[in-house]
Amino acid sequence: MQNKEIEEYLKKLNCRGCYCKCPLDQPNCARSKVFIKEAMEKYEANKK
């Protein structure tokens with residue numbers, strides 16, 4: 001269940017790694033890993 005919640009959260013966020021601004025649940029560049037990690041940390045912090 002938690003994976004689905006995280007997926008929904010990432011859908012709402014865009015990558016800032018390049019000009020494409022892909023949703024973080026479907027990134028198209030390697031730079032997105034940094035932004036996904038950042039979003040996951042923020043998500044976990046807000047759940048506590």
# chains A, B, ... in the order shown; residues from 1 in each chain; ligands from 1
>>> residues_around(residues="segment 9-23 of chain A", least_positions_apart="5", cutoff="7 Å", atoms="only C-alpha atoms", output="MDAnalysis selection string")
chainID A and resid 28 31:32 35
>>> select_by_dssp(residues="chain A", states="helix (DSSP H, G or I)", output="PDB file with all heavy atoms, in the first residue's frame")
ATOM      1  N   GLN A   2       1.939   1.252   0.762  1.00  0.00           N
ATOM      2  CA  GLN A   2       2.780   2.428   0.860  1.00  0.00           C
ATOM      3  C   GLN A   2       3.405   2.774  -0.497  1.00  0.00           C
ATOM      4  O   GLN A   2       3.525   3.947  -0.840  1.00  0.00           O
ATOM      5  CB  GLN A   2       3.880   2.224   1.897  1.00  0.00           C
ATOM      6  CG  GLN A   2       4.711   3.475   2.108  1.00  0.00           C
ATOM      7  CD  GLN A   2       5.785   3.290   3.152  1.00  0.00           C
ATOM      8  OE1 GLN A   2       5.972   2.209   3.686  1.00  0.00           O
ATOM      9  NE2 GLN A   2       6.491   4.344   3.436  1.00  0.00           N
ATOM     10  N   ASN A   3       3.771   1.768  -1.292  1.00  0.00           N
ATOM     11  CA  ASN A   3       4.344   2.034  -2.605  1.00  0.00           C
ATOM     12  C   ASN A   3       3.374   2.795  -3.490  1.00  0.00           C
ATOM     13  O   ASN A   3       3.779   3.664  -4.253  1.00  0.00           O
ATOM     14  CB  ASN A   3       4.774   0.737  -3.281  1.00  0.00           C
ATOM     15  CG  ASN A   3       6.002   0.135  -2.633  1.00  0.00           C
ATOM     16  OD1 ASN A   3       6.749   0.818  -1.947  1.00  0.00           O
ATOM     17  ND2 ASN A   3       6.203  -1.145  -2.847  1.00  0.00           N
ATOM     18  N   LYS A   4       2.112   2.470  -3.403  1.00  0.00           N
ATOM     19  CA  LYS A   4       1.089   3.164  -4.195  1.00  0.00           C
ATOM     20  C   LYS A   4       0.983   4.622  -3.752  1.00  0.00           C
ATOM     21  O   LYS A   4       0.853   5.516  -4.588  1.00  0.00           O
ATOM     22  CB  LYS A   4      -0.256   2.435  -4.036  1.00  0.00           C
ATOM     23  CG  LYS A   4      -1.291   2.849  -5.012  1.00  0.00           C
ATOM     24  CD  LYS A   4      -0.937   2.338  -6.388  1.00  0.00           C
ATOM     25  CE  LYS A   4      -2.116   2.540  -7.305  1.00  0.00           C
ATOM     26  NZ  LYS A   4      -1.772   2.317  -8.683  1.00  0.00           N
ATOM     27  N   GLU A   5       1.059   4.862  -2.461  1.00  0.00           N
ATOM     28  CA  GLU A   5       1.000   6.223  -1.932  1.00  0.00           C
ATOM     29  C   GLU A   5       2.204   7.033  -2.403  1.00  0.00           C
ATOM     30  O   GLU A   5       2.055   8.191  -2.798  1.00  0.00           O
ATOM     31  CB  GLU A   5       0.971   6.200  -0.408  1.00  0.00           C
ATOM     32  CG  GLU A   5      -0.312   5.666   0.179  1.00  0.00           C
ATOM     33  CD  GLU A   5      -0.243   5.526   1.690  1.00  0.00           C
ATOM     34  OE1 GLU A   5       0.780   5.924   2.287  1.00  0.00           O
ATOM     35  OE2 GLU A   5      -1.202   5.009   2.274  1.00  0.00           O
ATOM     36  N   ILE A   6       3.364   6.436  -2.379  1.00  0.00           N
ATOM     37  CA  ILE A   6       4.582   7.110  -2.827  1.00  0.00           C
ATOM     38  C   ILE A   6       4.494   7.409  -4.325  1.00  0.00           C
ATOM     39  O   ILE A   6       4.863   8.491  -4.771  1.00  0.00           O
ATOM     40  CB  ILE A   6       5.829   6.270  -2.501  1.00  0.00           C
ATOM     41  CG1 ILE A   6       6.028   6.215  -0.989  1.00  0.00           C
ATOM     42  CG2 ILE A   6       7.057   6.823  -3.196  1.00  0.00           C
ATOM     43  CD1 ILE A   6       7.081   5.252  -0.530  1.00  0.00           C
ATOM     44  N   GLU A   7       3.994   6.450  -5.086  1.00  0.00           N
ATOM     45  CA  GLU A   7       3.825   6.643  -6.521  1.00  0.00           C
ATOM     46  C   GLU A   7       2.909   7.835  -6.815  1.00  0.00           C
ATOM     47  O   GLU A   7       3.208   8.665  -7.673  1.00  0.00           O
ATOM     48  CB  GLU A   7       3.224   5.371  -7.137  1.00  0.00           C
ATOM     49  CG  GLU A   7       3.771   5.030  -8.477  1.00  0.00           C
ATOM     50  CD  GLU A   7       3.222   3.714  -8.968  1.00  0.00           C
ATOM     51  OE1 GLU A   7       3.662   2.662  -8.462  1.00  0.00           O
ATOM     52  OE2 GLU A   7       2.358   3.746  -9.858  1.00  0.00           O
ATOM     53  N   GLU A   8       1.820   7.922  -6.087  1.00  0.00           N
ATOM     54  CA  GLU A   8       0.886   9.043  -6.261  1.00  0.00           C
ATOM     55  C   GLU A   8       1.550  10.365  -5.887  1.00  0.00           C
ATOM     56  O   GLU A   8       1.337  11.377  -6.545  1.00  0.00           O
ATOM     57  CB  GLU A   8      -0.375   8.832  -5.417  1.00  0.00           C
ATOM     58  CG  GLU A   8      -1.266   7.719  -5.908  1.00  0.00           C
ATOM     59  CD  GLU A   8      -1.824   7.972  -7.293  1.00  0.00           C
ATOM     60  OE1 GLU A   8      -2.243   9.114  -7.578  1.00  0.00           O
ATOM     61  OE2 GLU A   8      -1.822   7.028  -8.104  1.00  0.00           O
ATOM     62  N   TYR A   9       2.356  10.353  -4.854  1.00  0.00           N
ATOM     63  CA  TYR A   9       3.073  11.553  -4.421  1.00  0.00           C
ATOM     64  C   TYR A   9       4.062  11.997  -5.508  1.00  0.00           C
ATOM     65  O   TYR A   9       4.130  13.180  -5.852  1.00  0.00           O
ATOM     66  CB  TYR A   9       3.804  11.266  -3.109  1.00  0.00           C
ATOM     67  CG  TYR A   9       4.605  12.415  -2.571  1.00  0.00           C
ATOM     68  CD1 TYR A   9       3.995  13.546  -2.048  1.00  0.00           C
ATOM     69  CD2 TYR A   9       5.993  12.376  -2.588  1.00  0.00           C
ATOM     70  CE1 TYR A   9       4.737  14.608  -1.548  1.00  0.00           C
ATOM     71  CE2 TYR A   9       6.746  13.428  -2.092  1.00  0.00           C
ATOM     72  CZ  TYR A   9       6.110  14.542  -1.577  1.00  0.00           C
ATOM     73  OH  TYR A   9       6.847  15.584  -1.095  1.00  0.00           O
ATOM     74  N   LEU A  10       4.816  11.045  -6.074  1.00  0.00           N
ATOM     75  CA  LEU A  10       5.804  11.373  -7.095  1.00  0.00           C
ATOM     76  C   LEU A  10       5.161  11.859  -8.393  1.00  0.00           C
ATOM     77  O   LEU A  10       5.759  12.652  -9.114  1.00  0.00           O
ATOM     78  CB  LEU A  10       6.712  10.169  -7.370  1.00  0.00           C
ATOM     79  CG  LEU A  10       7.656   9.778  -6.241  1.00  0.00           C
ATOM     80  CD1 LEU A  10       8.434   8.524  -6.620  1.00  0.00           C
ATOM     81  CD2 LEU A  10       8.597  10.907  -5.876  1.00  0.00           C
ATOM     82  N   LYS A  11       3.938  11.399  -8.681  1.00  0.00           N
ATOM     83  CA  LYS A  11       3.234  11.848  -9.885  1.00  0.00           C
ATOM     84  C   LYS A  11       2.979  13.354  -9.852  1.00  0.00           C
ATOM     85  O   LYS A  11       2.918  13.995 -10.892  1.00  0.00           O
ATOM     86  CB  LYS A  11       1.881  11.145 -10.018  1.00  0.00           C
ATOM     87  CG  LYS A  11       1.943   9.782 -10.598  1.00  0.00           C
ATOM     88  CD  LYS A  11       0.554   9.220 -10.751  1.00  0.00           C
ATOM     89  CE  LYS A  11       0.603   7.786 -11.211  1.00  0.00           C
ATOM     90  NZ  LYS A  11      -0.720   7.200 -11.354  1.00  0.00           N
ATOM     91  N   SER A  32      17.385  12.692 -12.407  1.00  0.00           N
ATOM     92  CA  SER A  32      16.152  12.603 -11.625  1.00  0.00           C
ATOM     93  C   SER A  32      16.338  11.844 -10.314  1.00  0.00           C
ATOM     94  O   SER A  32      15.596  12.063  -9.365  1.00  0.00           O
ATOM     95  CB  SER A  32      15.045  11.951 -12.441  1.00  0.00           C
ATOM     96  OG  SER A  32      15.399  10.620 -12.756  1.00  0.00           O
ATOM     97  N   LYS A  33      17.337  10.974 -10.244  1.00  0.00           N
ATOM     98  CA  LYS A  33      17.561  10.179  -9.030  1.00  0.00           C
ATOM     99  C   LYS A  33      17.746  11.072  -7.807  1.00  0.00           C
ATOM    100  O   LYS A  33      17.263  10.762  -6.731  1.00  0.00           O
ATOM    101  CB  LYS A  33      18.776   9.273  -9.203  1.00  0.00           C
ATOM    102  CG  LYS A  33      18.554   8.167 -10.193  1.00  0.00           C
ATOM    103  CD  LYS A  33      19.794   7.332 -10.365  1.00  0.00           C
ATOM    104  CE  LYS A  33      19.575   6.294 -11.452  1.00  0.00           C
ATOM    105  NZ  LYS A  33      20.783   5.511 -11.696  1.00  0.00           N
ATOM    106  N   VAL A  34      18.429  12.188  -7.991  1.00  0.00           N
ATOM    107  CA  VAL A  34      18.662  13.124  -6.892  1.00  0.00           C
ATOM    108  C   VAL A  34      17.336  13.704  -6.412  1.00  0.00           C
ATOM    109  O   VAL A  34      17.073  13.779  -5.209  1.00  0.00           O
ATOM    110  CB  VAL A  34      19.609  14.255  -7.347  1.00  0.00           C
ATOM    111  CG1 VAL A  34      19.725  15.328  -6.287  1.00  0.00           C
ATOM    112  CG2 VAL A  34      20.958  13.706  -7.716  1.00  0.00           C
ATOM    113  N   PHE A  35      16.483  14.089  -7.344  1.00  0.00           N
ATOM    114  CA  PHE A  35      15.216  14.711  -7.001  1.00  0.00           C
ATOM    115  C   PHE A  35      14.216  13.698  -6.437  1.00  0.00           C
ATOM    116  O   PHE A  35      13.419  14.032  -5.568  1.00  0.00           O
ATOM    117  CB  PHE A  35      14.636  15.442  -8.210  1.00  0.00           C
ATOM    118  CG  PHE A  35      15.579  16.497  -8.727  1.00  0.00           C
ATOM    119  CD1 PHE A  35      16.243  16.331  -9.922  1.00  0.00           C
ATOM    120  CD2 PHE A  35      15.833  17.639  -7.989  1.00  0.00           C
ATOM    121  CE1 PHE A  35      17.128  17.280 -10.389  1.00  0.00           C
ATOM    122  CE2 PHE A  35      16.717  18.604  -8.441  1.00  0.00           C
ATOM    123  CZ  PHE A  35      17.370  18.428  -9.650  1.00  0.00           C
ATOM    124  N   ILE A  36      14.292  12.459  -6.908  1.00  0.00           N
ATOM    125  CA  ILE A  36      13.437  11.404  -6.360  1.00  0.00           C
ATOM    126  C   ILE A  36      13.842  11.126  -4.913  1.00  0.00           C
ATOM    127  O   ILE A  36      12.981  11.020  -4.037  1.00  0.00           O
ATOM    128  CB  ILE A  36      13.512  10.124  -7.215  1.00  0.00           C
ATOM    129  CG1 ILE A  36      12.851  10.382  -8.570  1.00  0.00           C
ATOM    130  CG2 ILE A  36      12.875   8.951  -6.498  1.00  0.00           C
ATOM    131  CD1 ILE A  36      13.052   9.268  -9.577  1.00  0.00           C
ATOM    132  N   LYS A  37      15.143  11.034  -4.663  1.00  0.00           N
ATOM    133  CA  LYS A  37      15.628  10.804  -3.300  1.00  0.00           C
ATOM    134  C   LYS A  37      15.177  11.930  -2.379  1.00  0.00           C
ATOM    135  O   LYS A  37      14.699  11.694  -1.268  1.00  0.00           O
ATOM    136  CB  LYS A  37      17.148  10.684  -3.300  1.00  0.00           C
ATOM    137  CG  LYS A  37      17.725  10.377  -1.948  1.00  0.00           C
ATOM    138  CD  LYS A  37      19.228  10.227  -2.003  1.00  0.00           C
ATOM    139  CE  LYS A  37      19.718   9.883  -0.611  1.00  0.00           C
ATOM    140  NZ  LYS A  37      20.877  10.632  -0.234  1.00  0.00           N
ATOM    141  N   GLU A  38      15.312  13.157  -2.848  1.00  0.00           N
ATOM    142  CA  GLU A  38      14.899  14.334  -2.075  1.00  0.00           C
ATOM    143  C   GLU A  38      13.391  14.277  -1.772  1.00  0.00           C
ATOM    144  O   GLU A  38      12.965  14.525  -0.642  1.00  0.00           O
ATOM    145  CB  GLU A  38      15.219  15.578  -2.899  1.00  0.00           C
ATOM    146  CG  GLU A  38      14.929  16.887  -2.241  1.00  0.00           C
ATOM    147  CD  GLU A  38      15.271  18.031  -3.183  1.00  0.00           C
ATOM    148  OE1 GLU A  38      16.459  18.350  -3.323  1.00  0.00           O
ATOM    149  OE2 GLU A  38      14.326  18.590  -3.790  1.00  0.00           O
ATOM    150  N   ALA A  39      12.597  13.923  -2.763  1.00  0.00           N
ATOM    151  CA  ALA A  39      11.150  13.840  -2.585  1.00  0.00           C
ATOM    152  C   ALA A  39      10.776  12.726  -1.613  1.00  0.00           C
ATOM    153  O   ALA A  39       9.874  12.894  -0.787  1.00  0.00           O
ATOM    154  CB  ALA A  39      10.469  13.613  -3.935  1.00  0.00           C
ATOM    155  N   MET A  40      11.481  11.589  -1.701  1.00  0.00           N
ATOM    156  CA  MET A  40      11.196  10.466  -0.805  1.00  0.00           C
ATOM    157  C   MET A  40      11.511  10.844   0.647  1.00  0.00           C
ATOM    158  O   MET A  40      10.751  10.500   1.549  1.00  0.00           O
ATOM    159  CB  MET A  40      12.020   9.252  -1.214  1.00  0.00           C
ATOM    160  CG  MET A  40      11.667   8.705  -2.579  1.00  0.00           C
ATOM    161  SD  MET A  40      10.085   7.911  -2.618  1.00  0.00           S
ATOM    162  CE  MET A  40      10.470   6.416  -1.775  1.00  0.00           C
ATOM    163  N   GLU A  41      12.617  11.551   0.857  1.00  0.00           N
ATOM    164  CA  GLU A  41      12.983  11.985   2.211  1.00  0.00           C
ATOM    165  C   GLU A  41      11.935  12.941   2.763  1.00  0.00           C
ATOM    166  O   GLU A  41      11.543  12.847   3.930  1.00  0.00           O
ATOM    167  CB  GLU A  41      14.355  12.636   2.206  1.00  0.00           C
ATOM    168  CG  GLU A  41      15.473  11.658   1.985  1.00  0.00           C
ATOM    169  CD  GLU A  41      16.821  12.313   1.750  1.00  0.00           C
ATOM    170  OE1 GLU A  41      16.895  13.558   1.672  1.00  0.00           O
ATOM    171  OE2 GLU A  41      17.814  11.557   1.642  1.00  0.00           O
ATOM    172  N   LYS A  42      11.470  13.849   1.932  1.00  0.00           N
ATOM    173  CA  LYS A  42      10.448  14.804   2.346  1.00  0.00           C
ATOM    174  C   LYS A  42       9.129  14.072   2.659  1.00  0.00           C
ATOM    175  O   LYS A  42       8.460  14.382   3.642  1.00  0.00           O
ATOM    176  CB  LYS A  42      10.238  15.834   1.252  1.00  0.00           C
ATOM    177  CG  LYS A  42       9.359  16.972   1.650  1.00  0.00           C
ATOM    178  CD  LYS A  42       9.316  18.027   0.560  1.00  0.00           C
ATOM    179  CE  LYS A  42       8.454  19.193   0.971  1.00  0.00           C
ATOM    180  NZ  LYS A  42       8.398  20.223  -0.068  1.00  0.00           N
ATOM    181  N   TYR A  43       8.784  13.091   1.832  1.00  0.00           N
ATOM    182  CA  TYR A  43       7.569  12.299   2.035  1.00  0.00           C
ATOM    183  C   TYR A  43       7.628  11.569   3.376  1.00  0.00           C
ATOM    184  O   TYR A  43       6.674  11.601   4.151  1.00  0.00           O
ATOM    185  CB  TYR A  43       7.395  11.316   0.888  1.00  0.00           C
ATOM    186  CG  TYR A  43       6.198  10.411   1.024  1.00  0.00           C
ATOM    187  CD1 TYR A  43       4.930  10.847   0.682  1.00  0.00           C
ATOM    188  CD2 TYR A  43       6.341   9.109   1.508  1.00  0.00           C
ATOM    189  CE1 TYR A  43       3.830  10.012   0.806  1.00  0.00           C
ATOM    190  CE2 TYR A  43       5.254   8.275   1.639  1.00  0.00           C
ATOM    191  CZ  TYR A  43       3.998   8.734   1.284  1.00  0.00           C
ATOM    192  OH  TYR A  43       2.917   7.910   1.418  1.00  0.00           O
ATOM    193  N   GLU A  44       8.752  10.917   3.640  1.00  0.00           N
ATOM    194  CA  GLU A  44       8.917  10.169   4.886  1.00  0.00           C
ATOM    195  C   GLU A  44       8.873  11.104   6.101  1.00  0.00           C
ATOM    196  O   GLU A  44       8.308  10.757   7.130  1.00  0.00           O
ATOM    197  CB  GLU A  44      10.213   9.360   4.863  1.00  0.00           C
ATOM    198  CG  GLU A  44      10.208   8.210   3.870  1.00  0.00           C
ATOM    199  CD  GLU A  44       9.151   7.170   4.167  1.00  0.00           C
ATOM    200  OE1 GLU A  44       8.858   6.895   5.348  1.00  0.00           O
ATOM    201  OE2 GLU A  44       8.604   6.611   3.190  1.00  0.00           O
ATOM    202  N   ALA A  45       9.482  12.269   5.982  1.00  0.00           N
ATOM    203  CA  ALA A  45       9.494  13.228   7.079  1.00  0.00           C
ATOM    204  C   ALA A  45       8.079  13.718   7.388  1.00  0.00           C
ATOM    205  O   ALA A  45       7.727  13.934   8.555  1.00  0.00           O
ATOM    206  CB  ALA A  45      10.397  14.408   6.748  1.00  0.00           C
ATOM    207  N   ASN A  46       7.269  13.892   6.362  1.00  0.00           N
ATOM    208  CA  ASN A  46       5.893  14.374   6.551  1.00  0.00           C
ATOM    209  C   ASN A  46       4.971  13.297   7.110  1.00  0.00           C
ATOM    210  O   ASN A  46       3.935  13.615   7.685  1.00  0.00           O
ATOM    211  CB  ASN A  46       5.328  14.929   5.252  1.00  0.00           C
ATOM    212  CG  ASN A  46       5.948  16.247   4.864  1.00  0.00           C
ATOM    213  OD1 ASN A  46       6.418  16.984   5.718  1.00  0.00           O
ATOM    214  ND2 ASN A  46       5.951  16.535   3.591  1.00  0.00           N
ATOM    215  N   LYS A  47       5.325  12.036   6.925  1.00  0.00           N
ATOM    216  CA  LYS A  47       4.500  10.934   7.434  1.00  0.00           C
ATOM    217  C   LYS A  47       4.647  10.767   8.929  1.00  0.00           C
ATOM    218  O   LYS A  47       3.798  10.194   9.580  1.00  0.00           O
ATOM    219  CB  LYS A  47       4.867   9.628   6.720  1.00  0.00           C
ATOM    220  CG  LYS A  47       4.499   9.635   5.286  1.00  0.00           C
ATOM    221  CD  LYS A  47       3.597   8.627   4.757  1.00  0.00           C
ATOM    222  CE  LYS A  47       3.000   7.609   5.592  1.00  0.00           C
ATOM    223  NZ  LYS A  47       1.878   6.938   5.032  1.00  0.00           N
TER     224      LYS A  47
END
